[in-house]
$ cat query.pdb   # PDB, C-alpha atoms
ATOM      1  CA  MET Y1104     112.678  66.751  92.601
ATOM      2  CA  SER Y1105     112.623  65.975  88.877
ATOM      3  CA  VAL Y1106     112.617  68.763  86.327
ATOM      4  CA  SER Y1107     109.112  67.742  85.228
ATOM      5  CA  ASP Y1108     107.859  68.462  88.754
ATOM      6  CA  ARG Y1109     109.200  72.021  88.686
ATOM      7  CA  PRO Y1110     106.570  74.493  87.463
ATOM      8  CA  VAL Y1111     107.585  77.507  85.388
ATOM      9  CA  ILE Y1112     106.976  80.802  87.197
ATOM     10  CA  GLY Y1113     107.043  84.095  85.303
ATOM     11  CA  LEU Y1114     108.250  87.209  87.144
ATOM     12  CA  THR Y1115     107.757  90.709  85.793
ATOM     13  CA  THR Y1116     110.791  92.984  85.720
ATOM     14  CA  TYR Y1117     111.797  96.606  85.924
ATOM     15  CA  LEU Y1118     112.757  98.612  82.839
ATOM     16  CA  GLU Y1119     115.079 101.440  83.888
ATOM     17  CA  GLN Y1120     118.163 103.295  82.758
ATOM     18  CA  SER Y1121     121.002 101.118  84.017
ATOM     19  CA  GLN Y1122     124.792 101.208  84.130
ATOM     20  CA  THR Y1123     127.117  98.241  83.800
ATOM     21  CA  GLY Y1124     130.716  98.475  82.680
ATOM     22  CA  VAL Y1125     130.930 101.020  79.859
ATOM     23  CA  TRP Y1126     127.188 100.798  79.123
ATOM     24  CA  ASP Y1127     124.468 103.200  80.263
ATOM     25  CA  VAL Y1128     121.282 102.001  78.583
ATOM     26  CA  PRO Y1129     117.623 101.196  79.288
ATOM     27  CA  ALA Y1130     117.609  97.647  80.631
ATOM     28  CA  ALA Y1131     115.250  95.081  82.089
ATOM     29  CA  PHE Y1132     116.375  93.781  85.481
ATOM     30  CA  LEU Y1133     115.099  92.167  88.660
ATOM     31  CA  PRO Y1134     116.843  91.763  92.016
ATOM     32  CA  LYS Y1135     118.220  88.248  92.388
ATOM     33  CA  ALA Y1136     116.292  87.659  95.622
ATOM     34  CA  TYR Y1137     113.019  87.265  93.693
ATOM     35  CA  PHE Y1138     114.006  84.485  91.328
ATOM     36  CA  GLU Y1139     116.294  82.870  93.888
ATOM     37  CA  ALA Y1140     113.257  82.446  96.163
ATOM     38  CA  VAL Y1141     111.320  80.819  93.306
ATOM     39  CA  THR Y1142     114.183  78.420  92.640
ATOM     40  CA  ARG Y1143     114.514  77.503  96.324
ATOM     41  CA  ALA Y1144     110.761  76.906  96.481
ATOM     42  CA  GLY Y1145     111.010  74.350  93.674
ATOM     43  CA  GLY Y1146     110.088  76.423  90.635
ATOM     44  CA  ILE Y1147     111.822  77.488  87.442
ATOM     45  CA  ALA Y1148     112.036  81.272  87.124
ATOM     46  CA  VAL Y1149     111.421  83.067  83.822
ATOM     47  CA  LEU Y1150     111.728  86.857  83.590
ATOM     48  CA  LEU Y1151     109.060  88.886  81.785
ATOM     49  CA  PRO Y1152     110.362  92.346  80.772
ATOM     50  CA  PRO Y1153     107.941  95.147  79.831
ATOM     51  CA  GLN Y1154     107.090  95.118  76.124
ATOM     52  CA  PRO Y1155     104.222  95.990  73.781
ATOM     53  CA  VAL Y1156     101.190  93.970  74.819
ATOM     54  CA  SER Y1157      97.733  92.956  73.697
ATOM     55  CA  PRO Y1158      95.353  90.386  75.179
ATOM     56  CA  GLU Y1159      96.561  87.902  72.564
ATOM     57  CA  ILE Y1160     100.234  88.471  73.391
ATOM     58  CA  ALA Y1161      99.554  88.178  77.124
ATOM     59  CA  ARG Y1162      97.700  84.907  76.634
ATOM     60  CA  ARG Y1163     100.544  83.562  74.476
ATOM     61  CA  VAL Y1164     103.101  84.421  77.173
ATOM     62  CA  LEU Y1165     101.001  82.905  79.952
ATOM     63  CA  HIS Y1166     100.450  79.728  77.925
ATOM     64  CA  GLY Y1167     104.081  78.849  78.640
ATOM     65  CA  LEU Y1168     103.786  79.477  82.395
ATOM     66  CA  ASP Y1169     102.373  77.651  85.378
ATOM     67  CA  GLY Y1170     102.338  80.678  87.702
ATOM     68  CA  LEU Y1171     102.855  84.452  87.678
ATOM     69  CA  ILE Y1172     104.502  86.913  90.070
ATOM     70  CA  ILE Y1173     104.057  90.650  89.666
ATOM     71  CA  THR Y1174     106.999  92.139  91.505
ATOM     72  CA  GLY Y1175     107.716  95.393  93.311
ATOM     73  CA  GLY Y1176     108.855  98.614  91.702
ATOM     74  CA  LYS Y1177     107.811 102.145  90.830
ATOM     75  CA  ASP Y1178     104.372 103.552  91.664
ATOM     76  CA  PHE Y1179     101.436 102.468  89.501
ATOM     77  CA  ASN Y1180     100.036 105.254  87.297
ATOM     78  CA  PRO Y1181      97.281 107.033  89.311
ATOM     79  CA  ALA Y1182      95.447 107.868  86.081
ATOM     80  CA  ARG Y1183      94.498 104.188  85.988
ATOM     81  CA  TYR Y1184      92.342 104.703  89.079
ATOM     82  CA  GLY Y1185      91.100 108.162  88.230
ATOM     83  CA  GLN Y1186      93.433 110.367  90.276
ATOM     84  CA  GLU Y1187      95.929 113.120  89.640
ATOM     85  CA  PRO Y1188      99.479 112.289  90.799
ATOM     86  CA  HIS Y1189     100.555 113.243  94.313
ATOM     87  CA  ALA Y1190     103.754 115.298  94.557
ATOM     88  CA  THR Y1191     105.611 112.205  95.808
ATOM     89  CA  THR Y1192     104.284 109.769  93.205
ATOM     90  CA  ASP Y1193     106.837 108.360  90.769
ATOM     91  CA  GLU Y1194     106.802 109.305  87.107
ATOM     92  CA  PRO Y1195     104.659 106.508  85.641
ATOM     93  CA  ARG Y1196     106.266 103.645  83.747
ATOM     94  CA  LEU Y1197     103.497 103.392  81.173
ATOM     95  CA  ASP Y1198     104.962 100.375  79.390
ATOM     96  CA  ARG Y1199     105.303  98.373  82.592
ATOM     97  CA  ASP Y1200     101.848  99.419  83.812
ATOM     98  CA  ALA Y1201     100.210  98.238  80.592
ATOM     99  CA  TRP Y1202     102.243  95.004  80.480
ATOM    100  CA  GLU Y1203     101.486  93.955  84.040
ATOM    101  CA  ASP Y1204      97.849  94.981  83.924
ATOM    102  CA  GLU Y1205      97.185  92.852  80.849
ATOM    103  CA  LEU Y1206      99.213  89.890  82.111
ATOM    104  CA  LEU Y1207      97.269  89.967  85.366
ATOM    105  CA  ARG Y1208      93.865  90.233  83.695
ATOM    106  CA  GLN Y1209      94.602  87.281  81.431
ATOM    107  CA  ALA Y1210      96.118  85.265  84.288
ATOM    108  CA  LEU Y1211      92.990  85.732  86.396
ATOM    109  CA  ASP Y1212      90.814  84.808  83.422
ATOM    110  CA  ALA Y1213      92.805  81.582  83.021
ATOM    111  CA  ASP Y1214      92.881  80.945  86.792
ATOM    112  CA  LEU Y1215      96.683  80.857  86.590
ATOM    113  CA  PRO Y1216      98.198  80.905  90.115
ATOM    114  CA  PHE Y1217      99.261  84.456  90.946
ATOM    115  CA  LEU Y1218     101.346  86.137  93.641
ATOM    116  CA  GLY Y1219     101.537  89.931  93.890
ATOM    117  CA  ILE Y1220     104.411  91.547  95.771
ATOM    118  CA  CYS Y1221     104.179  95.188  96.949
ATOM    119  CA  ARG Y1222     103.411  96.973  93.660
ATOM    120  CA  GLY Y1223     101.838  93.683  92.555
ATOM    121  CA  ALA Y1224      99.184  93.965  95.277
ATOM    122  CA  GLN Y1225      98.384  97.473  94.073
ATOM    123  CA  VAL Y1226      98.177  96.364  90.419
ATOM    124  CA  LEU Y1227      95.706  93.657  91.465
ATOM    125  CA  ASN Y1228      93.491  96.057  93.406
ATOM    126  CA  VAL Y1229      93.419  98.638  90.607
ATOM    127  CA  ALA Y1230      92.817  96.036  87.890
ATOM    128  CA  LEU Y1231      89.693  94.927  89.741
ATOM    129  CA  GLY Y1232      88.392  98.471  90.263
ATOM    130  CA  GLY Y1233      89.976  99.614  93.534
ATOM    131  CA  THR Y1234      92.040 102.699  94.350
ATOM    132  CA  LEU Y1235      95.262 103.523  96.196
ATOM    133  CA  HIS Y1236      96.488 105.902  98.866
ATOM    134  CA  GLN Y1237      99.263 107.672  96.964
ATOM    135  CA  HIS Y1238     101.270 108.734 100.024
ATOM    136  CA  LEU Y1239     100.726 106.871 103.297
ATOM    137  CA  PRO Y1240     102.429 109.435 105.563
ATOM    138  CA  ASP Y1241      99.523 111.777 104.741
ATOM    139  CA  ILE Y1242      97.153 109.122 106.119
ATOM    140  CA  VAL Y1243      99.004 107.547 109.049
ATOM    141  CA  GLY Y1244     101.331 110.395 110.024
ATOM    142  CA  HIS Y1245     104.622 108.488 109.921
ATOM    143  CA  THR Y1246     107.157 107.012 107.507
ATOM    144  CA  ARG Y1247     107.831 103.640 109.120
ATOM    145  CA  TYR Y1248     106.611 101.767 106.022
ATOM    146  CA  GLN Y1249     109.275 103.376 103.832
ATOM    147  CA  ALA Y1250     112.183 104.694 105.852
ATOM    148  CA  GLY Y1251     114.203 105.439 102.700
ATOM    149  CA  GLY Y1252     117.681 104.552 101.577
ATOM    150  CA  GLY Y1253     116.617 101.122 100.365
ATOM    151  CA  ILE Y1254     116.410  99.870 103.951
ATOM    152  CA  PHE Y1255     113.479  97.584 104.777
ATOM    153  CA  THR Y1256     111.665  98.161 108.047
ATOM    154  CA  HIS Y1257     110.354  95.094 109.859
ATOM    155  CA  VAL Y1258     106.808  95.565 111.105
ATOM    156  CA  PRO Y1259     104.290  93.139 112.653
ATOM    157  CA  VAL Y1260     101.138  92.388 110.663
ATOM    158  CA  GLU Y1261      97.981  90.729 111.933
ATOM    159  CA  LEU Y1262      96.520  87.993 109.758
ATOM    160  CA  GLU Y1263      92.773  88.048 109.165
ATOM    161  CA  GLY Y1264      90.252  85.475 108.026
ATOM    162  CA  ASP Y1265      90.800  81.838 107.221
ATOM    163  CA  LEU Y1266      92.010  81.843 103.638
ATOM    164  CA  LEU Y1267      95.242  80.913 101.840
ATOM    165  CA  THR Y1268      97.372  83.603 103.465
ATOM    166  CA  ARG Y1269      96.678  82.256 106.949
ATOM    167  CA  ALA Y1270      97.059  78.670 105.741
ATOM    168  CA  MET Y1271     100.551  79.512 104.479
ATOM    169  CA  LEU Y1272     101.692  81.948 107.177
ATOM    170  CA  GLY Y1273      99.583  81.261 110.257
ATOM    171  CA  GLY Y1274     100.911  79.699 113.427
ATOM    172  CA  GLN Y1275     104.052  80.819 115.198
ATOM    173  CA  PRO Y1276     105.245  83.491 115.236
ATOM    174  CA  GLU Y1277     102.061  85.541 115.164
ATOM    175  CA  PRO Y1278     101.813  88.434 114.686
ATOM    176  CA  LEU Y1279     103.987  87.934 111.663
ATOM    177  CA  VAL Y1280     106.904  90.375 111.286
ATOM    178  CA  VAL Y1281     107.542  91.278 107.651
ATOM    179  CA  PRO Y1282     109.974  93.499 105.661
ATOM    180  CA  LEU Y1283     108.221  96.592 104.283
ATOM    181  CA  TYR Y1284     109.189  99.309 101.816
ATOM    182  CA  HIS Y1285     106.165 101.168 100.460
ATOM    183  CA  HIS Y1286     104.740 104.668 100.626
ATOM    184  CA  GLN Y1287     101.479 103.727  98.887
ATOM    185  CA  SER Y1288      98.804 101.212  99.817
ATOM    186  CA  ILE Y1289      95.321  99.991  99.000
ATOM    187  CA  ASP Y1290      92.591 102.535  99.705
ATOM    188  CA  ARG Y1291      89.195 101.458  98.342
ATOM    189  CA  LEU Y1292      89.225  97.675  98.176
ATOM    190  CA  ALA Y1293      88.204  96.220  94.820
ATOM    191  CA  GLU Y1294      85.048  94.148  94.634
ATOM    192  CA  GLY Y1295      85.817  90.471  95.153
ATOM    193  CA  LEU Y1296      89.029  90.984  97.118
ATOM    194  CA  VAL Y1297      89.267  90.087 100.802
ATOM    195  CA  VAL Y1298      91.737  91.625 103.246
ATOM    196  CA  THR Y1299      93.935  88.958 104.845
ATOM    197  CA  ALA Y1300      96.462  91.065 106.798
ATOM    198  CA  ARG Y1301      96.772  94.580 108.246
ATOM    199  CA  THR Y1302      99.135  96.546 110.395
ATOM    200  CA  SER Y1303      98.025  98.036 113.716
ATOM    201  CA  ASP Y1304      97.080 101.376 112.110
ATOM    202  CA  ASP Y1305      94.681  99.581 109.729
ATOM    203  CA  VAL Y1306      96.872  99.731 106.627
ATOM    204  CA  ILE Y1307      96.000  96.811 104.347
ATOM    205  CA  GLN Y1308      99.022  94.539 103.958
ATOM    206  CA  ALA Y1309      97.611  91.471 102.176
ATOM    207  CA  VAL Y1310      94.604  90.564 100.054
ATOM    208  CA  GLU Y1311      93.211  87.533  98.258
ATOM    209  CA  LEU Y1312      90.716  86.815  95.516
ATOM    210  CA  PRO Y1313      88.771  83.863  96.932
ATOM    211  CA  SER Y1314      87.041  83.157  93.608
ATOM    212  CA  ALA Y1315      90.425  82.157  92.148
ATOM    213  CA  THR Y1316      92.299  78.967  92.944
ATOM    214  CA  PHE Y1317      95.381  80.947  94.041
ATOM    215  CA  ALA Y1318      95.437  84.750  93.805
ATOM    216  CA  VAL Y1319      97.341  86.143  96.775
ATOM    217  CA  ALA Y1320      99.001  89.540  97.080
ATOM    218  CA  VAL Y1321     101.031  91.104  99.874
ATOM    219  CA  GLN Y1322     102.215  94.661 100.380
ATOM    220  CA  TRP Y1323     105.467  93.497 101.960
ATOM    221  CA  HIS Y1324     108.572  91.990 100.337
ATOM    222  CA  PRO Y1325     108.825  88.253 101.090
ATOM    223  CA  GLU Y1326     111.889  87.962  98.855
ATOM    224  CA  ALA Y1327     113.714  90.179 101.389
ATOM    225  CA  ALA Y1328     113.241  87.497 104.080
ATOM    226  CA  PRO Y1329     115.114  84.506 102.612
ATOM    227  CA  GLU Y1330     114.599  82.528 105.807
ATOM    228  CA  ASP Y1331     110.844  82.405 105.085
ATOM    229  CA  ILE Y1332     109.847  81.344 101.562
ATOM    230  CA  ARG Y1333     106.386  80.033 102.472
ATOM    231  CA  LEU Y1334     104.556  82.347 100.064
ATOM    232  CA  PHE Y1335     106.774  81.213  97.203
ATOM    233  CA  GLU Y1336     106.314  77.588  98.228
ATOM    234  CA  GLY Y1337     102.546  78.111  98.245
ATOM    235  CA  LEU Y1338     102.629  79.585  94.748
ATOM    236  CA  VAL Y1339     104.883  76.823  93.427
ATOM    237  CA  LYS Y1340     102.596  74.160  94.908
ATOM    238  CA  ALA Y1341      99.544  75.738  93.264
ATOM    239  CA  ALA Y1342     101.457  76.096  89.987
ATOM    240  CA  ARG Y1343     102.420  72.431  90.101
ATOM    241  CA  HIS Y1344      98.764  71.444  90.440
ATOM    242  CA  TYR Y1345      97.874  73.818  87.600
ATOM    243  CA  ARG Y1346     100.546  72.256  85.386
ATOM    244  CA  LYS Y1347      99.273  68.733  86.058
ATOM    245  CA  ALA Y1348      95.669  69.749  85.437
ATOM    246  CA  PHE Y1349      96.518  71.069  81.964
ATOM    247  CA  ALA Y1350      99.245  68.595  81.027
TER     248      ALA Y1350
END
$ encode --input "query.pdb" --output "structure tokens"
Amino acid sequence: MSVSDRPVIGLTTYLEQSQTGVWDVPAAFLPKAYFEAVTRAGGIAVLLPPQPVSPEIARRVLHGLDGLIITGGKDFNPARYGQEPHATTDEPRLDRDAWEDELLRQALDADLPFLGICRGAQVLNVALGGTLHQHLPDIVGHTRYQAGGGIFTHVPVELEGDLLTRAMLGGQPEPLVVPLYHHQSIDRLAEGLVVTARTSDDVIQAVELPSATFAVAVQWHPEAAPEDIRLFEGLVKAARHYRKAFA
């Protein structure tokens, strides 16, 4: 594949206190598995650390991209969907919340191909007017979706409908077994979104925005299953078409 055929995919990053060598400083970082999956799928990965944002800045950033991934991370600020924080909800990362919310809004406005991963699915739902369950164990009575210790649990999900998610992930094996690590999930579904996967206890695990060319979001972590990069390949394919359309 020539370099000109490789679309540029932006991935949002964490901003946390981090230690390396003698340094202990706030730093932007992202687990290698995310951008490695983009590279293997045929894209060029560019990292997008949290920073001051306006609609104009977001549009300028997105102008240099062919696709966007909002990655996993800390809980989204419940004030953004009109709730007080649950006792288990993370201290909000206000800079990251604002950055990703504006990037997503401008990406959807430009019909830029978008993939949301875990937190990214929640950012999408809230941006479009939905709400979240802040602590799933209160709803489903178990902790299998976030066992703790940074260990992913592998859980079967049932695909629904006949949209992009099924086109990319349908077939064998089905039900699809995916790596999960989340204690929050979509509650009230935003207008315009369609559920495309659930677990057996009715927890929403994937959504799409059918009015967009490619706006897919999953609650699981596809980067944690390097043997299956179909979601990344789907995004890269859509981003390649986007790049050609605006070349």
$ residues_near_point --input "query.pdb" --point "(93.5, 98.3, 95.2)" --cutoff "8 Å" --atoms "only C-alpha atoms" --output "number ranges by chain"
Y: 1224-1235, 1288-1293
$ atom_distance --input "query.pdb" --atom1 "atom CA of Thr1316 of chain Y" --atom2 "atom CA of Ala1341 of chain Y"
7.9 Å
$ residues_around --input "query.pdb" --residues "segment 1174-1181 of chain Y" --least-positions-apart "5" --cutoff "6 Å" --atoms "all atoms listed in the file" --output "number ranges by chain"
Y: 1115, 1186, 1188, 1193, 1195, 1220-1223
$ write_last_selection --input "query.pdb" --atoms "C-alpha atoms" --output "short mmCIF file (atom, residue, chain, number, x, y, z; two decimals), in the coordinates of the input"
data_model
loop_
_atom_site.label_atom_id
_atom_site.label_comp_id
_atom_site.auth_asym_id
_atom_site.auth_seq_id
_atom_site.Cartn_x
_atom_site.Cartn_y
_atom_site.Cartn_z
CA THR Y 1115 107.76 90.71 85.79
CA GLN Y 1186 93.43 110.37 90.28
CA PRO Y 1188 99.48 112.29 90.80
CA ASP Y 1193 106.84 108.36 90.77
CA PRO Y 1195 104.66 106.51 85.64
CA ILE Y 1220 104.41 91.55 95.77
CA CYS Y 1221 104.18 95.19 96.95
CA ARG Y 1222 103.41 96.97 93.66
CA GLY Y 1223 101.84 93.68 92.56
#
$ residues_around --input "query.pdb" --residues "Gly1337 of chain Y" --least-positions-apart "3" --cutoff "12 Å" --atoms "only C-alpha atoms" --output "list in words"
Ala1140, Val1141, Ala1144, Gly1145, Gly1146, Gly1170, Pro1216, Phe1217, Leu1218, Leu1267, Thr1268, Arg1269, Ala1270, Met1271, Leu1272, Thr1316, Phe1317, Ala1318, Val1319, Asp1331, Ile1332, Arg1333, Leu1334, Lys1340, Ala1341, Ala1342, Arg1343 and His1344 of chain Y
$ write_last_selection --input "query.pdb" --atoms "C-alpha atoms" --output "compact mmCIF listing (two decimals), keeping the file's coordinate frame"
# COMPACT_ATOMS: atom_id res chain seq x y z
CA ALA Y 1140 113.26 82.45 96.16
CA VAL Y 1141 111.32 80.82 93.31
CA ALA Y 1144 110.76 76.91 96.48
CA GLY Y 1145 111.01 74.35 93.67
CA GLY Y 1146 110.09 76.42 90.64
CA GLY Y 1170 102.34 80.68 87.70
CA PRO Y 1216 98.20 80.90 90.12
CA PHE Y 1217 99.26 84.46 90.95
CA LEU Y 1218 101.35 86.14 93.64
CA LEU Y 1267 95.24 80.91 101.84
CA THR Y 1268 97.37 83.60 103.46
CA ARG Y 1269 96.68 82.26 106.95
CA ALA Y 1270 97.06 78.67 105.74
CA MET Y 1271 100.55 79.51 104.48
CA LEU Y 1272 101.69 81.95 107.18
CA THR Y 1316 92.30 78.97 92.94
CA PHE Y 1317 95.38 80.95 94.04
CA ALA Y 1318 95.44 84.75 93.80
CA VAL Y 1319 97.34 86.14 96.78
CA ASP Y 1331 110.84 82.40 105.08
CA ILE Y 1332 109.85 81.34 101.56
CA ARG Y 1333 106.39 80.03 102.47
CA LEU Y 1334 104.56 82.35 100.06
CA LYS Y 1340 102.60 74.16 94.91
CA ALA Y 1341 99.54 75.74 93.26
CA ALA Y 1342 101.46 76.10 89.99
CA ARG Y 1343 102.42 72.43 90.10
CA HIS Y 1344 98.76 71.44 90.44
$ closest_residue --input "query.pdb" --among "Y:Leu1338, Y:Ala1320, Y:Thr1192, Y:Asp1304" --to "Gln1287 of chain Y" --atoms "only C-alpha atoms"
Y:Thr1192
$ axis_aligned_box --input "query.pdb" --around "segment 1206-1218 of chain Y" --padding-each-side "8 Å" --output "lines of an AutoDock Vina configuration file"
center_x = 96.1
center_y = 85.5
center_z = 87.5
size_x = 26.5
size_y = 25.4
size_z = 28.2
$ atom_distance --input "query.pdb" --atom1 "atom CA of Gly1295 of chain Y" --atom2 "atom CA of Gly1219 of chain Y"
15.8 Å
$ closest_atom_pairs --input "query.pdb" --of "segment 1163-1226 of chain Y" --to "segment 1238-1256 of chain Y" --cutoff "10 Å" --atoms "only C-alpha atoms" --output "tab-separated table"
residue	atom	partner	partner_atom	distance
Y:His1189	CA	Y:His1238	CA	7.3
Y:Ala1190	CA	Y:His1238	CA	8.9
Y:Thr1191	CA	Y:His1238	CA	7.0
Y:Thr1192	CA	Y:His1238	CA	7.5
$ resolve_selection --input "query.pdb" --expression "the PyMOL selection byres ((chain Y and resi 1118-1135) around 12)" --output "ChimeraX atom specification"
/Y:1113-1117,1136-1142,1148-1154,1172-1177,1194-1200,1202,1324,1326-1327,1329
$ atom_distance --input "query.pdb" --atom1 "atom CA of Glu1277 of chain Y" --atom2 "atom CA of Leu1296 of chain Y"
22.9 Å
$ residues_near_point --input "query.pdb" --point "(89.6, 86.5, 107.6)" --cutoff "12 Å" --atoms "all atoms listed in the file" --output "mmCIF file with C-alpha atoms, keeping the file's coordinate frame"
data_model
loop_
_atom_site.group_PDB
_atom_site.id
_atom_site.type_symbol
_atom_site.label_atom_id
_atom_site.label_comp_id
_atom_site.auth_asym_id
_atom_site.auth_seq_id
_atom_site.Cartn_x
_atom_site.Cartn_y
_atom_site.Cartn_z
ATOM 1 C CA GLU Y 1261 97.981 90.729 111.933
ATOM 2 C CA LEU Y 1262 96.520 87.993 109.758
ATOM 3 C CA GLU Y 1263 92.773 88.048 109.165
ATOM 4 C CA GLY Y 1264 90.252 85.475 108.026
ATOM 5 C CA ASP Y 1265 90.800 81.838 107.221
ATOM 6 C CA LEU Y 1266 92.010 81.843 103.638
ATOM 7 C CA LEU Y 1267 95.242 80.913 101.840
ATOM 8 C CA THR Y 1268 97.372 83.603 103.465
ATOM 9 C CA ARG Y 1269 96.678 82.256 106.949
ATOM 10 C CA ALA Y 1270 97.059 78.670 105.741
ATOM 11 C CA GLY Y 1273 99.583 81.261 110.257
ATOM 12 C CA LEU Y 1296 89.029 90.984 97.118
ATOM 13 C CA VAL Y 1297 89.267 90.087 100.802
ATOM 14 C CA VAL Y 1298 91.737 91.625 103.246
ATOM 15 C CA THR Y 1299 93.935 88.958 104.845
ATOM 16 C CA ALA Y 1300 96.462 91.065 106.798
ATOM 17 C CA ARG Y 1301 96.772 94.580 108.246
ATOM 18 C CA ALA Y 1309 97.611 91.471 102.176
ATOM 19 C CA VAL Y 1310 94.604 90.564 100.054
ATOM 20 C CA GLU Y 1311 93.211 87.533 98.258
ATOM 21 C CA PRO Y 1313 88.771 83.863 96.932
#
$ residues_around --input "query.pdb" --residues "Val1281 of chain Y" --least-positions-apart "3" --cutoff "9 Å" --atoms "all atoms listed in the file" --output "list in words"
Thr1256, His1257, Val1258, Pro1259, Val1260, Trp1323, His1324, Pro1325, Ala1327 and Ala1328 of chain Y
$ closest_residue --input "query.pdb" --among "Y:Glu1294, Y:Arg1183, Y:Val1321, Y:Tyr1345" --to "Ile1307 of chain Y" --atoms "all atoms listed in the file"
Y:Val1321
$ closest_residue --input "query.pdb" --among "Y:Leu1168, Y:Pro1158, Y:Ala1182, Y:Gln1237" --to "Glu1203 of chain Y" --atoms "all atoms listed in the file"
Y:Pro1158
$ closest_residue --input "query.pdb" --among "Y:Ile1147, Y:Leu1165, Y:Tyr1184, Y:Gln1209" --to "Pro1110 of chain Y" --atoms "all atoms listed in the file"
Y:Ile1147
